[in-house]
Amino acid sequence: MNSGAGGGSGGGCAGAAARSRGGSPGGDGFAPSALGTREHWDAVYERELQTFQEYGDTGEIWFGEESMNRLIRWMQKREIPLDASVLDIGTGNGVFLVELAKFGFSNITGIDYSPSAIQLSGSIIEKEGLSNIKLKVEDFLHLSTELSGFHICVDKGTFDAISLNPDSAIEKRKQYVKSLSRVLNGKGFFLITSCNWTKEELLNEFSEELFQLQLENVDTALS
Ligand SMILES: C[S@@+](CC[C@H](N)C(=O)[O-])C[C@H]1O[C@@H](n2cnc3c(N)ncnc32)[C@H](O)[C@@H]1O
């Protein structure tokens, strides 16, 4: 498994202000936050769904437009085939799925544990006239279906959010890595965009379960 790390600039950042390097009650440097809870994201996407229905506004793109372009440029540079299976973990409004499909990727799946997020993604995808994108309400920490063998797994802000869960965040992060090792093809790529973790910390967090981890900074690879 390979991993690319996208930096976090522009757009939102789940918990940019919530990480306290000085240490938290959990002792891992993360101050628990509502951003790590399902209730928070349900409320966010219920609101965004309503806004989309009323005004056609797709809502927030985490880390900004450029973060999506950067990931797609990296996939292009790496010559990832357009029929490669791609999983967007915690897809939110699904706008990255739309960008992938417009670029030509044909085997795309988005999951999110918020039903409103999936409903919003579905509405945006429909409005864009795209039909070949799979969407599923799915908690990545408690996978219910046989999601496996993906060539590319993308995370833009979801691991950041999970890291801020007020309840057993360390165990949840471990479960995240386990779930990732289940869904990702052994020779696949994991592309993570984070504003709370450094490259070294991510390597450390993911390498226990995923032995052949190589980390490449997307920005460096593109320069
Ligand atoms: C910071 S938002 C990012 C959304 C999207 N990736 C983007 O770039 O716009 C974090 C997303 O992760 C989702 N999420 C958090 N924990 C999750 C979990 N355990 N399983 C699935 N989705 C999760 C939230 O519902 C939310 O949509």
# chains A, B, ... in the order shown; residues from 1 in each chain; ligands from 1
call {"tool": "residues_around", "arguments": {"residues": "Lys127 (chain A)", "least_positions_apart": "4", "cutoff": "12 Å", "atoms": "only C-alpha atoms", "output": "ChimeraX atom specification"}}
result
/A:52-53,56-58,95,98,120-123,131
call {"tool": "write_last_selection", "arguments": {"atoms": "C-alpha atoms", "output": "compact mmCIF listing (two decimals), in the first residue's frame"}}
result
# COMPACT_ATOMS: atom_id res chain seq x y z
CA PHE A 52 -29.04 22.82 -1.79
CA GLN A 53 -32.75 22.13 -2.24
CA GLY A 56 -28.77 24.90 -5.41
CA ASP A 57 -25.66 25.68 -3.33
CA THR A 58 -23.47 22.55 -2.98
CA VAL A 95 -18.25 16.96 -4.86
CA VAL A 98 -18.31 14.56 -9.26
CA LEU A 120 -27.01 15.51 -0.67
CA SER A 121 -24.31 13.72 -2.73
CA GLY A 122 -27.03 11.89 -4.65
CA SER A 123 -28.88 15.13 -5.39
CA SER A 131 -25.24 8.25 -13.23
call {"tool": "residues_near_ligand", "arguments": {"ligand": "ligand 1", "cutoff": "8 Å", "atoms": "only C-alpha atoms and all ligand atoms", "output": "number ranges by chain"}}
result
A: 12-14, 36-38, 41-42, 45, 60-63, 88-96, 111-114, 117, 137-142, 155-162, 176
call {"tool": "residues_around", "arguments": {"residues": "Ala169 (chain A)", "least_positions_apart": "4", "cutoff": "10 Å", "atoms": "only C-alpha atoms", "output": "list in words"}}
result
Gly26, Asp28, Phe30, Pro32, Gly36, Ala161, Ile162, Ser163, Leu164, Asn165, Arg173, Lys174 and Gln175 of chain A
call {"tool": "select_by_dssp", "arguments": {"residues": "chain A", "states": "strand (DSSP E)", "output": "number ranges by chain"}}
result
A: 2-6, 85-89, 107-112, 133-137, 150-156, 184-193, 214-217
call {"tool": "residues_around", "arguments": {"residues": "Ser148 (chain A)", "least_positions_apart": "3", "cutoff": "8 Å", "atoms": "only C-alpha atoms", "output": "list of chain:residue names"}}
result
A:Arg182, A:Val183, A:Leu184, A:Asn185
call {"tool": "write_last_selection", "arguments": {"atoms": "N, CA, C and O atoms", "output": "tab-separated table (two decimals), in the first residue's frame"}}
result
chain	number	residue	atom	x	y	z
A	182	ARG	N	-8.71	-3.45	5.22
A	182	ARG	CA	-9.70	-4.39	4.68
A	182	ARG	C	-10.18	-3.95	3.29
A	182	ARG	O	-10.37	-4.78	2.40
A	183	VAL	N	-10.38	-2.66	3.10
A	183	VAL	CA	-10.99	-2.23	1.83
A	183	VAL	C	-9.98	-1.94	0.72
A	183	VAL	O	-10.33	-1.93	-0.45
A	184	LEU	N	-8.72	-1.73	1.10
A	184	LEU	CA	-7.72	-1.32	0.11
A	184	LEU	C	-7.00	-2.52	-0.47
A	184	LEU	O	-6.52	-3.38	0.26
A	185	ASN	N	-6.92	-2.54	-1.78
A	185	ASN	CA	-6.13	-3.56	-2.48
A	185	ASN	C	-4.68	-3.48	-1.98
A	185	ASN	O	-4.17	-2.40	-1.71
call {"tool": "select_by_dssp", "arguments": {"residues": "region 68-209 of chain A", "states": "helix (DSSP H, G or I)", "output": "number ranges by chain"}}
result
A: 68-77, 95-103, 115-127, 158-162, 169-183, 199-207
call {"tool": "residues_around", "arguments": {"residues": "Leu97 (chain A)", "least_positions_apart": "2", "cutoff": "10 Å", "atoms": "only C-alpha atoms", "output": "mmCIF file with N, CA and C atoms, in the first residue's frame"}}
result
data_model
loop_
_atom_site.group_PDB
_atom_site.id
_atom_site.type_symbol
_atom_site.label_atom_id
_atom_site.label_comp_id
_atom_site.auth_asym_id
_atom_site.auth_seq_id
_atom_site.Cartn_x
_atom_site.Cartn_y
_atom_site.Cartn_z
ATOM 1 N N MET A 68 -8.824 19.162 -4.558
ATOM 2 C CA MET A 68 -9.356 18.110 -5.450
ATOM 3 C C MET A 68 -8.523 18.048 -6.729
ATOM 4 N N VAL A 86 -12.263 3.421 -7.091
ATOM 5 C CA VAL A 86 -11.916 4.508 -6.158
ATOM 6 C C VAL A 86 -12.976 4.575 -5.061
ATOM 7 N N LEU A 87 -12.538 4.632 -3.817
ATOM 8 C CA LEU A 87 -13.462 4.783 -2.680
ATOM 9 C C LEU A 87 -13.175 6.110 -1.983
ATOM 10 N N ASP A 88 -14.191 6.947 -1.870
ATOM 11 C CA ASP A 88 -14.057 8.206 -1.126
ATOM 12 C C ASP A 88 -14.646 7.980 0.268
ATOM 13 N N THR A 91 -17.478 10.933 2.226
ATOM 14 C CA THR A 91 -17.540 11.763 1.007
ATOM 15 C C THR A 91 -18.230 13.110 1.209
ATOM 16 N N GLY A 92 -18.991 13.273 2.300
ATOM 17 C CA GLY A 92 -19.654 14.562 2.545
ATOM 18 C C GLY A 92 -20.659 14.883 1.449
ATOM 19 N N ASN A 93 -20.452 16.030 0.778
ATOM 20 C CA ASN A 93 -21.389 16.414 -0.290
ATOM 21 C C ASN A 93 -21.077 15.727 -1.617
ATOM 22 N N GLY A 94 -20.029 14.907 -1.644
ATOM 23 C CA GLY A 94 -19.726 14.103 -2.837
ATOM 24 C C GLY A 94 -19.141 14.894 -4.001
ATOM 25 N N VAL A 95 -18.735 16.126 -3.744
ATOM 26 C CA VAL A 95 -18.246 16.956 -4.856
ATOM 27 C C VAL A 95 -16.954 16.373 -5.463
ATOM 28 N N GLU A 99 -16.060 15.466 -9.416
ATOM 29 C CA GLU A 99 -14.840 15.860 -10.140
ATOM 30 C C GLU A 99 -14.162 14.637 -10.759
ATOM 31 N N LEU A 100 -14.126 13.545 -10.014
ATOM 32 C CA LEU A 100 -13.507 12.306 -10.530
ATOM 33 C C LEU A 100 -14.261 11.817 -11.767
ATOM 34 N N ALA A 101 -15.591 11.830 -11.664
ATOM 35 C CA ALA A 101 -16.409 11.340 -12.786
ATOM 36 C C ALA A 101 -16.240 12.243 -14.005
ATOM 37 N N LYS A 102 -16.188 13.550 -13.777
ATOM 38 C CA LYS A 102 -16.026 14.481 -14.897
ATOM 39 C C LYS A 102 -14.667 14.270 -15.555
ATOM 40 N N PHE A 103 -13.681 13.888 -14.746
ATOM 41 C CA PHE A 103 -12.341 13.647 -15.293
ATOM 42 C C PHE A 103 -12.311 12.362 -16.119
ATOM 43 N N PHE A 105 -13.101 9.067 -14.493
ATOM 44 C CA PHE A 105 -13.075 7.844 -13.678
ATOM 45 C C PHE A 105 -14.472 7.209 -13.693
ATOM 46 N N ILE A 108 -16.441 4.504 -9.306
ATOM 47 C CA ILE A 108 -16.290 5.374 -8.128
ATOM 48 C C ILE A 108 -17.366 5.068 -7.089
ATOM 49 N N THR A 109 -16.942 5.006 -5.831
ATOM 50 C CA THR A 109 -17.887 4.771 -4.732
ATOM 51 C C THR A 109 -17.642 5.815 -3.646
ATOM 52 N N GLY A 110 -18.726 6.365 -3.120
ATOM 53 C CA GLY A 110 -18.606 7.277 -1.989
ATOM 54 C C GLY A 110 -19.384 6.724 -0.815
ATOM 55 N N SER A 121 -25.190 14.181 -1.630
ATOM 56 C CA SER A 121 -24.308 13.716 -2.726
ATOM 57 C C SER A 121 -25.143 13.240 -3.901
ATOM 58 N N ILE A 125 -25.080 14.803 -7.596
ATOM 59 C CA ILE A 125 -24.681 13.932 -8.716
ATOM 60 C C ILE A 125 -25.779 13.899 -9.783
ATOM 61 N N LEU A 130 -24.825 12.888 -13.772
ATOM 62 C CA LEU A 130 -23.899 11.738 -13.726
ATOM 63 C C LEU A 130 -24.658 10.554 -13.134
ATOM 64 N N ILE A 133 -22.081 6.633 -10.397
ATOM 65 C CA ILE A 133 -21.362 6.764 -9.124
ATOM 66 C C ILE A 133 -22.142 6.008 -8.054
ATOM 67 N N LYS A 134 -21.433 5.141 -7.324
ATOM 68 C CA LYS A 134 -22.111 4.373 -6.261
ATOM 69 C C LYS A 134 -22.021 5.153 -4.949
ATOM 70 N N LEU A 135 -23.126 5.176 -4.236
ATOM 71 C CA LEU A 135 -23.171 5.872 -2.946
ATOM 72 C C LEU A 135 -23.733 4.945 -1.888
#
call {"tool": "atom_distance", "arguments": {"atom1": "CA of Ala43 (chain A)", "atom2": "CA of Ile124 (chain A)"}}
result
18.2 Å
call {"tool": "atom_distance", "arguments": {"atom1": "CA of Glu46 (chain A)", "atom2": "CA of Glu128 (chain A)"}}
result
20.2 Å
call {"tool": "residues_around", "arguments": {"residues": "Leu82 (chain A)", "least_positions_apart": "4", "cutoff": "8 Å", "atoms": "only C-alpha atoms", "output": "list in words"}}
result
Gly104, Phe105, Ser106 and Asn107 of chain A
call {"tool": "atom_distance", "arguments": {"atom1": "CA of Leu49 (chain A)", "atom2": "CA of Gly129 (chain A)"}}
result
17.9 Å
call {"tool": "decode", "arguments": {"residues": "region 165-200 of chain A", "atoms": "N, CA, C and O atoms", "output": "PDB file, in the first residue's frame"}}
result
ATOM      1  N   ASN A 165     -12.940  12.569  17.989  1.00  0.00           N
ATOM      2  CA  ASN A 165     -14.096  11.993  18.675  1.00  0.00           C
ATOM      3  C   ASN A 165     -13.888  12.041  20.194  1.00  0.00           C
ATOM      4  O   ASN A 165     -12.840  11.620  20.682  1.00  0.00           O
ATOM      5  N   PRO A 166     -14.887  12.554  20.913  1.00  0.00           N
ATOM      6  CA  PRO A 166     -14.730  12.670  22.367  1.00  0.00           C
ATOM      7  C   PRO A 166     -14.708  11.318  23.077  1.00  0.00           C
ATOM      8  O   PRO A 166     -14.336  11.236  24.243  1.00  0.00           O
ATOM      9  N   ASP A 167     -15.096  10.262  22.370  1.00  0.00           N
ATOM     10  CA  ASP A 167     -15.238   8.966  23.028  1.00  0.00           C
ATOM     11  C   ASP A 167     -14.276   7.938  22.399  1.00  0.00           C
ATOM     12  O   ASP A 167     -14.503   7.483  21.279  1.00  0.00           O
ATOM     13  N   SER A 168     -13.228   7.589  23.087  1.00  0.00           N
ATOM     14  CA  SER A 168     -12.256   6.565  22.638  1.00  0.00           C
ATOM     15  C   SER A 168     -11.665   6.846  21.252  1.00  0.00           C
ATOM     16  O   SER A 168     -11.664   5.979  20.374  1.00  0.00           O
ATOM     17  N   ALA A 169     -11.140   8.039  21.075  1.00  0.00           N
ATOM     18  CA  ALA A 169     -10.595   8.408  19.753  1.00  0.00           C
ATOM     19  C   ALA A 169      -9.419   7.507  19.358  1.00  0.00           C
ATOM     20  O   ALA A 169      -9.273   7.161  18.177  1.00  0.00           O
ATOM     21  N   ILE A 170      -8.619   7.117  20.322  1.00  0.00           N
ATOM     22  CA  ILE A 170      -7.430   6.304  19.974  1.00  0.00           C
ATOM     23  C   ILE A 170      -7.878   4.964  19.384  1.00  0.00           C
ATOM     24  O   ILE A 170      -7.375   4.526  18.352  1.00  0.00           O
ATOM     25  N   GLU A 171      -8.876   4.327  20.026  1.00  0.00           N
ATOM     26  CA  GLU A 171      -9.395   3.046  19.505  1.00  0.00           C
ATOM     27  C   GLU A 171     -10.040   3.256  18.131  1.00  0.00           C
ATOM     28  O   GLU A 171      -9.907   2.429  17.238  1.00  0.00           O
ATOM     29  N   LYS A 172     -10.724   4.372  17.993  1.00  0.00           N
ATOM     30  CA  LYS A 172     -11.397   4.633  16.708  1.00  0.00           C
ATOM     31  C   LYS A 172     -10.373   4.820  15.597  1.00  0.00           C
ATOM     32  O   LYS A 172     -10.559   4.348  14.469  1.00  0.00           O
ATOM     33  N   ARG A 173      -9.264   5.440  15.907  1.00  0.00           N
ATOM     34  CA  ARG A 173      -8.207   5.605  14.892  1.00  0.00           C
ATOM     35  C   ARG A 173      -7.622   4.251  14.526  1.00  0.00           C
ATOM     36  O   ARG A 173      -7.353   3.971  13.357  1.00  0.00           O
ATOM     37  N   LYS A 174      -7.444   3.414  15.530  1.00  0.00           N
ATOM     38  CA  LYS A 174      -6.926   2.054  15.238  1.00  0.00           C
ATOM     39  C   LYS A 174      -7.909   1.299  14.353  1.00  0.00           C
ATOM     40  O   LYS A 174      -7.527   0.589  13.426  1.00  0.00           O
ATOM     41  N   GLN A 175      -9.198   1.426  14.672  1.00  0.00           N
ATOM     42  CA  GLN A 175     -10.219   0.739  13.862  1.00  0.00           C
ATOM     43  C   GLN A 175     -10.233   1.277  12.439  1.00  0.00           C
ATOM     44  O   GLN A 175     -10.432   0.529  11.481  1.00  0.00           O
ATOM     45  N   TYR A 176      -9.985   2.561  12.302  1.00  0.00           N
ATOM     46  CA  TYR A 176      -9.927   3.167  10.966  1.00  0.00           C
ATOM     47  C   TYR A 176      -8.839   2.466  10.144  1.00  0.00           C
ATOM     48  O   TYR A 176      -9.062   2.081   8.989  1.00  0.00           O
ATOM     49  N   VAL A 177      -7.675   2.296  10.733  1.00  0.00           N
ATOM     50  CA  VAL A 177      -6.550   1.677  10.002  1.00  0.00           C
ATOM     51  C   VAL A 177      -6.907   0.227   9.643  1.00  0.00           C
ATOM     52  O   VAL A 177      -6.625  -0.237   8.537  1.00  0.00           O
ATOM     53  N   LYS A 178      -7.576  -0.464  10.559  1.00  0.00           N
ATOM     54  CA  LYS A 178      -8.017  -1.851  10.286  1.00  0.00           C
ATOM     55  C   LYS A 178      -9.002  -1.871   9.113  1.00  0.00           C
ATOM     56  O   LYS A 178      -8.903  -2.700   8.215  1.00  0.00           O
ATOM     57  N   SER A 179      -9.971  -0.957   9.144  1.00  0.00           N
ATOM     58  CA  SER A 179     -10.961  -0.903   8.058  1.00  0.00           C
ATOM     59  C   SER A 179     -10.271  -0.592   6.741  1.00  0.00           C
ATOM     60  O   SER A 179     -10.599  -1.178   5.697  1.00  0.00           O
ATOM     61  N   LEU A 180      -9.305   0.310   6.791  1.00  0.00           N
ATOM     62  CA  LEU A 180      -8.588   0.673   5.560  1.00  0.00           C
ATOM     63  C   LEU A 180      -7.857  -0.541   4.991  1.00  0.00           C
ATOM     64  O   LEU A 180      -7.903  -0.800   3.785  1.00  0.00           O
ATOM     65  N   SER A 181      -7.227  -1.297   5.866  1.00  0.00           N
ATOM     66  CA  SER A 181      -6.477  -2.464   5.378  1.00  0.00           C
ATOM     67  C   SER A 181      -7.430  -3.512   4.796  1.00  0.00           C
ATOM     68  O   SER A 181      -7.053  -4.305   3.959  1.00  0.00           O
ATOM     69  N   ARG A 182      -8.710  -3.451   5.217  1.00  0.00           N
ATOM     70  CA  ARG A 182      -9.696  -4.385   4.681  1.00  0.00           C
ATOM     71  C   ARG A 182     -10.184  -3.954   3.290  1.00  0.00           C
ATOM     72  O   ARG A 182     -10.367  -4.784   2.404  1.00  0.00           O
ATOM     73  N   VAL A 183     -10.376  -2.664   3.100  1.00  0.00           N
ATOM     74  CA  VAL A 183     -10.985  -2.226   1.834  1.00  0.00           C
ATOM     75  C   VAL A 183      -9.982  -1.943   0.724  1.00  0.00           C
ATOM     76  O   VAL A 183     -10.329  -1.929  -0.447  1.00  0.00           O
ATOM     77  N   LEU A 184      -8.717  -1.734   1.102  1.00  0.00           N
ATOM     78  CA  LEU A 184      -7.725  -1.318   0.108  1.00  0.00           C
ATOM     79  C   LEU A 184      -6.996  -2.518  -0.473  1.00  0.00           C
ATOM     80  O   LEU A 184      -6.522  -3.385   0.256  1.00  0.00           O
ATOM     81  N   ASN A 185      -6.918  -2.542  -1.783  1.00  0.00           N
ATOM     82  CA  ASN A 185      -6.134  -3.556  -2.485  1.00  0.00           C
ATOM     83  C   ASN A 185      -4.678  -3.482  -1.979  1.00  0.00           C
ATOM     84  O   ASN A 185      -4.168  -2.396  -1.713  1.00  0.00           O
ATOM     85  N   GLY A 186      -4.023  -4.638  -1.845  1.00  0.00           N
ATOM     86  CA  GLY A 186      -2.649  -4.689  -1.325  1.00  0.00           C
ATOM     87  C   GLY A 186      -1.684  -3.797  -2.082  1.00  0.00           C
ATOM     88  O   GLY A 186      -0.716  -3.297  -1.514  1.00  0.00           O
ATOM     89  N   LYS A 187      -1.958  -3.580  -3.364  1.00  0.00           N
ATOM     90  CA  LYS A 187      -1.062  -2.709  -4.142  1.00  0.00           C
ATOM     91  C   LYS A 187      -1.712  -1.347  -4.414  1.00  0.00           C
ATOM     92  O   LYS A 187      -1.298  -0.622  -5.315  1.00  0.00           O
ATOM     93  N   GLY A 188      -2.737  -1.048  -3.634  1.00  0.00           N
ATOM     94  CA  GLY A 188      -3.476   0.186  -3.882  1.00  0.00           C
ATOM     95  C   GLY A 188      -2.818   1.406  -3.261  1.00  0.00           C
ATOM     96  O   GLY A 188      -1.766   1.317  -2.611  1.00  0.00           O
ATOM     97  N   PHE A 189      -3.474   2.522  -3.456  1.00  0.00           N
ATOM     98  CA  PHE A 189      -2.976   3.795  -2.925  1.00  0.00           C
ATOM     99  C   PHE A 189      -4.009   4.395  -1.982  1.00  0.00           C
ATOM    100  O   PHE A 189      -5.208   4.347  -2.254  1.00  0.00           O
ATOM    101  N   PHE A 190      -3.498   4.966  -0.914  1.00  0.00           N
ATOM    102  CA  PHE A 190      -4.356   5.682   0.030  1.00  0.00           C
ATOM    103  C   PHE A 190      -3.950   7.156  -0.016  1.00  0.00           C
ATOM    104  O   PHE A 190      -2.793   7.486   0.255  1.00  0.00           O
ATOM    105  N   LEU A 191      -4.884   7.994  -0.395  1.00  0.00           N
ATOM    106  CA  LEU A 191      -4.593   9.429  -0.507  1.00  0.00           C
ATOM    107  C   LEU A 191      -5.293  10.157   0.628  1.00  0.00           C
ATOM    108  O   LEU A 191      -6.523  10.203   0.669  1.00  0.00           O
ATOM    109  N   ILE A 192      -4.519  10.696   1.531  1.00  0.00           N
ATOM    110  CA  ILE A 192      -5.140  11.367   2.680  1.00  0.00           C
ATOM    111  C   ILE A 192      -4.748  12.845   2.719  1.00  0.00           C
ATOM    112  O   ILE A 192      -3.585  13.182   2.524  1.00  0.00           O
ATOM    113  N   THR A 193      -5.756  13.661   2.931  1.00  0.00           N
ATOM    114  CA  THR A 193      -5.527  15.100   3.097  1.00  0.00           C
ATOM    115  C   THR A 193      -5.884  15.437   4.539  1.00  0.00           C
ATOM    116  O   THR A 193      -6.990  15.148   4.986  1.00  0.00           O
ATOM    117  N   SER A 194      -4.931  16.009   5.243  1.00  0.00           N
ATOM    118  CA  SER A 194      -5.131  16.258   6.668  1.00  0.00           C
ATOM    119  C   SER A 194      -4.548  17.607   7.049  1.00  0.00           C
ATOM    120  O   SER A 194      -3.547  18.046   6.482  1.00  0.00           O
ATOM    121  N   CYS A 195      -5.202  18.238   7.999  1.00  0.00           N
ATOM    122  CA  CYS A 195      -4.602  19.477   8.503  1.00  0.00           C
ATOM    123  C   CYS A 195      -4.206  19.325   9.967  1.00  0.00           C
ATOM    124  O   CYS A 195      -3.722  20.262  10.577  1.00  0.00           O
ATOM    125  N   ASN A 196      -4.423  18.150  10.513  1.00  0.00           N
ATOM    126  CA  ASN A 196      -4.101  17.936  11.922  1.00  0.00           C
ATOM    127  C   ASN A 196      -2.902  17.021  12.140  1.00  0.00           C
ATOM    128  O   ASN A 196      -2.402  16.922  13.253  1.00  0.00           O
ATOM    129  N   TRP A 197      -2.504  16.333  11.097  1.00  0.00           N
ATOM    130  CA  TRP A 197      -1.432  15.356  11.238  1.00  0.00           C
ATOM    131  C   TRP A 197      -0.260  15.721  10.338  1.00  0.00           C
ATOM    132  O   TRP A 197      -0.456  16.119   9.196  1.00  0.00           O
ATOM    133  N   THR A 198       0.955  15.509  10.844  1.00  0.00           N
ATOM    134  CA  THR A 198       2.124  15.694   9.985  1.00  0.00           C
ATOM    135  C   THR A 198       2.345  14.397   9.206  1.00  0.00           C
ATOM    136  O   THR A 198       1.792  13.341   9.548  1.00  0.00           O
ATOM    137  N   LYS A 199       3.198  14.484   8.183  1.00  0.00           N
ATOM    138  CA  LYS A 199       3.513  13.314   7.365  1.00  0.00           C
ATOM    139  C   LYS A 199       4.063  12.175   8.236  1.00  0.00           C
ATOM    140  O   LYS A 199       3.649  11.033   8.119  1.00  0.00           O
ATOM    141  N   GLU A 200       4.981  12.515   9.128  1.00  0.00           N
ATOM    142  CA  GLU A 200       5.612  11.494   9.978  1.00  0.00           C
ATOM    143  C   GLU A 200       4.578  10.849  10.905  1.00  0.00           C
ATOM    144  O   GLU A 200       4.588   9.640  11.127  1.00  0.00           O
TER     145      GLU A 200
END
